[in-house]
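Quick notes on the structure that follows.
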Amino acid sequence: MASSKNNTMVFLFLLVTLLIGSSSAQLSTSFYSKSCPKLYQTVKSTVQSAIKKETRMGASLLRLFFHDCFVNGCDGSLLLDDTSSFTGEKRAAPNVNSVRGFEVIDNIKSAVEKACPGVVSCADILAVTARDSVVILGGPNWNVKLGRRDARTASQGAANSSIPAPTFNLNRLISSFSAVGLSTKDMVALSGSHTIGQARCTTFRSRIYNETNNIDSSFARTRQNSCPRNSGSGDNNLAPLDLQTPSKFDNNYFKNLVNKKGLLHSDQQLFNGGSADSIVRSYINNPSSFNSDFVTAMIKMGDIRPLTGSNGEIRKNCRRRN
């Protein structure tokens with residue numbers, strides 16, 4: 001009888017410990033409400049200044065969050081510079097000469113550190129910055145879940161293998177998003193972030209010269225004017241991902257796809273006779289459903305493998321470990 005009672009007590013103790021551990025690992029929209037009450041206004045003012053200086057920066061900041069979360073979770077690892085003990089993610093193939101906005105994150109982190117030193121992680125700053133960039137450019141608003149901690153290392157190899165490429169077909173896109181727990185609908189909604197920002201010639205050269213069957217011919221000719229056929233010439237020349245409203249977060253990106261005016265191969269794959277066609281059409285007919293699904297997908301993406309509790313650290317400088 002005593003043994004049975006002891007076993008019950010042990011079970012209850014383990015259950016309580018498990019529940020406490022589980023709850024401490026949960027992200028929360030009110031995580032910094034007491035420890036850093038001025039967080040949101042501090043971040044937003046810096047983001048607004050950056051976007052006012054260069055509209056394209058909004059898309060770049062949003063992209064930082066994507067590229068961070070897809071590599072071992074939303075842990076700020078993308079922001080780490082190379083060290084003698086590891087090669088970081090900044091020079092991985094999907095990021096080198098491509099991801100940008102690190103100086104803006106530095107400025108935000110500096111401002112947040114002045115408001116509440118040693119409290120807010122770089123990973124969470126990326127999450128809030130992404131939301132603010134979308135809102136400032138006319139997109140939907142949402143409450144950001146916070147409580148992530150920062151990774152102490154980064155992986156160039158993981159970045160090379162985990163981030164979806166602009167050359168992917170629909171099946172590879174679906175598989176890539178599924179690998180991090182995101183559905184096909186999430187993938188299409190998140191791809192809608194290409195309603196803002198620009199891409200380099202190297203990422204769409206093959207499409208505008210070789211994909212004659214699923215690209216509008218006049219659109220291709222227009223893009224060819226600033227993206228020469230031969231590699232090494234005009235590689236870094238930019239073109240808007242959304243032909244119609246490249247600086248406004250809306251659903252015109254999807255309208256472009258139906259008209260065969262997707263800039264990247266991976267863009268047009270979303271409307272090319274496959275399983276994503278119906279989702280694209282629904283976002284054209286109902287912009288509010290795009291906004292709603294985009295918010296849902298952003299929150300889900302922000303939940304990918306965060307470091308919480310005593311894991312990781314709160315970096316003082318987003319570029320290096322403490």
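In the structure tokens, the first chain shown is A, the next is B, and so on; residue numbers restart at 1 for each chain, and ligands run from 1 in the order shown.
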
As a ChimeraX atom specification, please: every residue in segment 134-227 of chain A that DSSP puts in alpha helix (DSSP H). /A:134-136,156-162,170-178,184-191,201-210,217-224

Write out as a compact mmCIF listing (two decimals) with N, CA and C atoms, in the first residue's frame which residues come within 12 Å of Thr129 of chain A when counting only C-alpha atoms, dropping same-chain ones fewer than 6 positions away.
```txt
# COMPACT_ATOMS: atom_id res chain seq x y z
N LEU A 39 8.92 47.94 -25.57
CA LEU A 39 9.51 47.18 -26.66
C LEU A 39 8.90 47.52 -28.01
N TYR A 40 7.57 47.43 -28.11
CA TYR A 40 6.92 47.58 -29.41
C TYR A 40 7.14 48.97 -30.01
N GLN A 41 6.98 50.00 -29.21
CA GLN A 41 7.16 51.35 -29.74
C GLN A 41 8.62 51.61 -30.12
N THR A 42 9.54 51.00 -29.37
CA THR A 42 10.96 51.17 -29.67
C THR A 42 11.31 50.53 -31.00
N VAL A 43 10.82 49.31 -31.22
CA VAL A 43 11.10 48.61 -32.47
C VAL A 43 10.44 49.33 -33.64
N LYS A 44 9.17 49.68 -33.49
CA LYS A 44 8.42 50.23 -34.61
C LYS A 44 8.99 51.56 -35.09
N SER A 45 9.42 52.41 -34.18
CA SER A 45 9.95 53.71 -34.59
C SER A 45 11.21 53.55 -35.44
N THR A 46 12.05 52.57 -35.08
CA THR A 46 13.28 52.33 -35.85
C THR A 46 12.96 51.71 -37.20
N VAL A 47 11.99 50.79 -37.24
CA VAL A 47 11.58 50.18 -38.50
C VAL A 47 10.98 51.24 -39.43
N GLN A 48 10.14 52.10 -38.88
CA GLN A 48 9.54 53.16 -39.69
C GLN A 48 10.59 54.06 -40.31
N ALA A 50 13.69 53.29 -41.00
CA ALA A 50 14.43 52.54 -42.02
C ALA A 50 13.64 52.44 -43.32
N ILE A 51 12.33 52.18 -43.21
CA ILE A 51 11.49 52.04 -44.41
C ILE A 51 11.26 53.40 -45.07
N MET A 57 13.47 48.19 -47.76
CA MET A 57 13.96 47.61 -46.52
C MET A 57 12.88 46.82 -45.79
N GLY A 58 11.62 47.20 -45.95
CA GLY A 58 10.54 46.46 -45.29
C GLY A 58 10.52 45.01 -45.71
N ALA A 59 10.65 44.76 -47.01
CA ALA A 59 10.69 43.39 -47.51
C ALA A 59 11.94 42.67 -47.03
N SER A 60 13.05 43.38 -46.98
CA SER A 60 14.32 42.77 -46.55
C SER A 60 14.24 42.33 -45.10
N LEU A 61 13.61 43.14 -44.25
CA LEU A 61 13.48 42.79 -42.83
C LEU A 61 12.54 41.60 -42.64
N LEU A 62 11.48 41.56 -43.41
CA LEU A 62 10.56 40.42 -43.36
C LEU A 62 11.28 39.14 -43.78
N ARG A 63 12.11 39.25 -44.79
CA ARG A 63 12.84 38.09 -45.31
C ARG A 63 13.84 37.56 -44.30
N LEU A 64 14.42 38.43 -43.50
CA LEU A 64 15.35 37.97 -42.46
C LEU A 64 14.67 36.97 -41.53
N PHE A 65 13.42 37.24 -41.18
CA PHE A 65 12.68 36.35 -40.28
C PHE A 65 12.46 34.99 -40.94
N PHE A 66 12.07 35.00 -42.23
CA PHE A 66 11.89 33.74 -42.97
C PHE A 66 13.18 32.92 -42.94
N GLY A 101 19.78 44.12 -44.33
CA GLY A 101 19.04 44.75 -43.24
C GLY A 101 19.66 44.51 -41.89
N PHE A 102 20.85 43.90 -41.87
CA PHE A 102 21.50 43.60 -40.58
C PHE A 102 21.80 44.87 -39.78
N VAL A 104 20.02 47.55 -39.74
CA VAL A 104 18.77 48.00 -39.12
C VAL A 104 18.49 47.20 -37.85
N ILE A 105 18.73 45.90 -37.90
CA ILE A 105 18.56 45.07 -36.70
C ILE A 105 19.52 45.52 -35.61
N ASP A 106 20.75 45.87 -35.99
CA ASP A 106 21.71 46.40 -35.01
C ASP A 106 21.16 47.65 -34.33
N ASN A 107 20.59 48.54 -35.13
CA ASN A 107 20.03 49.79 -34.59
C ASN A 107 18.86 49.52 -33.65
N ILE A 108 18.01 48.57 -34.04
CA ILE A 108 16.87 48.21 -33.20
C ILE A 108 17.35 47.62 -31.89
N LYS A 109 18.30 46.69 -31.97
CA LYS A 109 18.83 46.05 -30.77
C LYS A 109 19.45 47.09 -29.83
N CYS A 122 17.45 38.71 -29.74
CA CYS A 122 17.53 39.10 -31.15
C CYS A 122 16.50 38.33 -31.96
N ALA A 123 16.25 37.08 -31.59
CA ALA A 123 15.25 36.27 -32.28
C ALA A 123 13.87 36.91 -32.20
N VAL A 135 2.95 45.66 -41.59
CA VAL A 135 1.92 46.64 -41.24
C VAL A 135 2.22 48.00 -41.86
N ILE A 136 3.47 48.44 -41.77
CA ILE A 136 3.86 49.74 -42.30
C ILE A 136 3.64 49.81 -43.81
N ASN A 141 -2.20 43.24 -39.44
CA ASN A 141 -1.54 43.31 -38.13
C ASN A 141 -1.83 42.03 -37.35
N VAL A 144 2.26 39.37 -31.88
CA VAL A 144 3.44 38.51 -32.04
C VAL A 144 3.72 37.74 -30.76
```

Surrounding residues of segment 308-319 of chain A excluding itself and chain neighbours under 6 positions, 12 Å, only C-alpha atoms, as a VMD selection string: chain A and resid 20 to 28 31 73 to 83 88 to 90 102 to 114 116 to 126 146 to 154

With only C-alpha atoms as the counted atoms, please give the residues lying no more than 12 Å from Ala276 of chain A, apart from itself and same-chain residues fewer than 3 positions off, as a list in words. Asn169, Leu170, Asn171, Leu173, Ile174, Ser183, Thr184, Lys185, Asp186, Met187, Val188, Ala189, Ser191, Phe254, Leu257, Val258, Ser266, Asp267, Gln268, Gln269, Leu270, Phe271, Asn272, Gly273, Ile279, Val280, Arg281, Ser282 and Tyr283 of chain A

Taking N, CA, C and O atoms for each residue, export the selection above as a compact mmCIF listing (two decimals), in the first residue's frame.
```
# COMPACT_ATOMS: atom_id res chain seq x y z
N ASN A 169 10.42 23.49 -57.88
CA ASN A 169 9.10 23.27 -58.44
C ASN A 169 8.09 23.15 -57.29
O ASN A 169 8.48 23.20 -56.11
N LEU A 170 6.83 22.97 -57.63
CA LEU A 170 5.80 22.97 -56.61
C LEU A 170 5.99 21.86 -55.58
O LEU A 170 5.86 22.10 -54.36
N ASN A 171 6.31 20.66 -56.02
CA ASN A 171 6.48 19.55 -55.08
C ASN A 171 7.61 19.81 -54.09
O ASN A 171 7.49 19.49 -52.90
N LEU A 173 8.71 22.75 -53.17
CA LEU A 173 8.26 23.82 -52.28
C LEU A 173 7.39 23.25 -51.16
O LEU A 173 7.58 23.56 -49.98
N ILE A 174 6.43 22.41 -51.55
CA ILE A 174 5.54 21.80 -50.57
C ILE A 174 6.34 20.99 -49.56
O ILE A 174 6.11 21.07 -48.35
N SER A 183 1.89 23.92 -43.95
CA SER A 183 1.06 23.27 -44.96
C SER A 183 1.22 23.95 -46.32
O SER A 183 1.86 25.00 -46.45
N THR A 184 0.58 23.36 -47.33
CA THR A 184 0.59 23.96 -48.66
C THR A 184 -0.07 25.32 -48.63
O THR A 184 0.42 26.27 -49.26
N LYS A 185 -1.17 25.45 -47.89
CA LYS A 185 -1.83 26.76 -47.78
C LYS A 185 -0.91 27.77 -47.10
O LYS A 185 -0.82 28.93 -47.53
N ASP A 186 -0.20 27.34 -46.06
CA ASP A 186 0.76 28.22 -45.40
C ASP A 186 1.82 28.69 -46.41
O ASP A 186 2.21 29.85 -46.44
N MET A 187 2.30 27.74 -47.22
CA MET A 187 3.34 28.03 -48.20
C MET A 187 2.88 29.08 -49.20
O MET A 187 3.61 30.04 -49.50
N VAL A 188 1.67 28.92 -49.72
CA VAL A 188 1.15 29.88 -50.70
C VAL A 188 0.95 31.25 -50.05
O VAL A 188 1.31 32.28 -50.63
N ALA A 189 0.39 31.24 -48.84
CA ALA A 189 0.16 32.51 -48.14
C ALA A 189 1.48 33.23 -47.87
O ALA A 189 1.60 34.44 -48.09
N SER A 191 4.29 32.84 -49.43
CA SER A 191 4.86 33.27 -50.71
C SER A 191 4.28 34.62 -51.13
O SER A 191 4.91 35.38 -51.87
N PHE A 254 -0.65 37.63 -56.50
CA PHE A 254 -1.39 36.46 -56.99
C PHE A 254 -2.04 36.73 -58.35
O PHE A 254 -2.12 35.84 -59.20
N LEU A 257 0.44 36.06 -61.01
CA LEU A 257 0.66 34.64 -61.30
C LEU A 257 -0.35 34.12 -62.32
O LEU A 257 0.00 33.37 -63.23
N VAL A 258 -1.60 34.51 -62.16
CA VAL A 258 -2.64 34.07 -63.10
C VAL A 258 -2.36 34.59 -64.51
O VAL A 258 -2.70 33.94 -65.51
N SER A 266 9.86 29.72 -58.88
CA SER A 266 9.09 29.23 -57.73
C SER A 266 7.79 29.99 -57.56
O SER A 266 6.79 29.43 -57.07
N ASP A 267 7.76 31.27 -57.94
CA ASP A 267 6.51 32.04 -57.89
C ASP A 267 5.48 31.43 -58.83
O ASP A 267 4.35 31.10 -58.43
N GLN A 268 5.86 31.27 -60.11
CA GLN A 268 4.90 30.81 -61.11
C GLN A 268 4.46 29.37 -60.86
O GLN A 268 3.38 28.96 -61.29
N GLN A 269 5.26 28.61 -60.12
CA GLN A 269 4.89 27.24 -59.79
C GLN A 269 3.60 27.19 -58.95
O GLN A 269 2.90 26.18 -58.94
N LEU A 270 3.30 28.28 -58.28
CA LEU A 270 2.09 28.31 -57.46
C LEU A 270 0.82 28.37 -58.32
O LEU A 270 -0.27 28.05 -57.83
N PHE A 271 0.99 28.76 -59.58
CA PHE A 271 -0.15 28.75 -60.50
C PHE A 271 0.33 28.22 -61.84
O PHE A 271 0.71 28.97 -62.74
N ASN A 272 0.31 26.91 -61.95
CA ASN A 272 0.84 26.27 -63.14
C ASN A 272 0.15 24.92 -63.38
O ASN A 272 0.77 23.95 -63.78
N GLY A 273 -1.17 24.88 -63.06
CA GLY A 273 -1.92 23.65 -63.26
C GLY A 273 -1.78 22.65 -62.14
O GLY A 273 -2.16 21.48 -62.30
N ILE A 279 -5.85 27.81 -54.41
CA ILE A 279 -5.53 28.72 -53.30
C ILE A 279 -5.21 30.11 -53.85
O ILE A 279 -5.67 31.13 -53.31
N VAL A 280 -4.43 30.15 -54.94
CA VAL A 280 -4.10 31.42 -55.58
C VAL A 280 -5.37 32.14 -56.00
O VAL A 280 -5.54 33.34 -55.75
N ARG A 281 -6.28 31.42 -56.64
CA ARG A 281 -7.54 32.03 -57.08
C ARG A 281 -8.35 32.56 -55.90
O ARG A 281 -8.96 33.63 -55.97
N SER A 282 -8.36 31.81 -54.81
CA SER A 282 -9.13 32.25 -53.63
C SER A 282 -8.57 33.55 -53.06
O SER A 282 -9.34 34.39 -52.57
N TYR A 283 -7.25 33.72 -53.13
CA TYR A 283 -6.64 34.94 -52.60
C TYR A 283 -6.87 36.14 -53.52
O TYR A 283 -6.87 37.28 -53.07
```

Which polymer residues have any atom within 12 Å of an atom of segment 209-221 of chain A, counting only C-alpha atoms, with same-chain residues fewer than 3 positions away left out, as a PyMOL selection string? chain A and resi 167+201-202+204-206+224-230+239-240+242-244+256-265+267-273

re atom CA of Phe177 of chain A and atom CA of Tyr253 of chain A: distance 19.6 Å

Å distance separating atom CA of Ser233 of chain A from atom CA of Thr203 of chain A, one decimal place: 13.2 Å
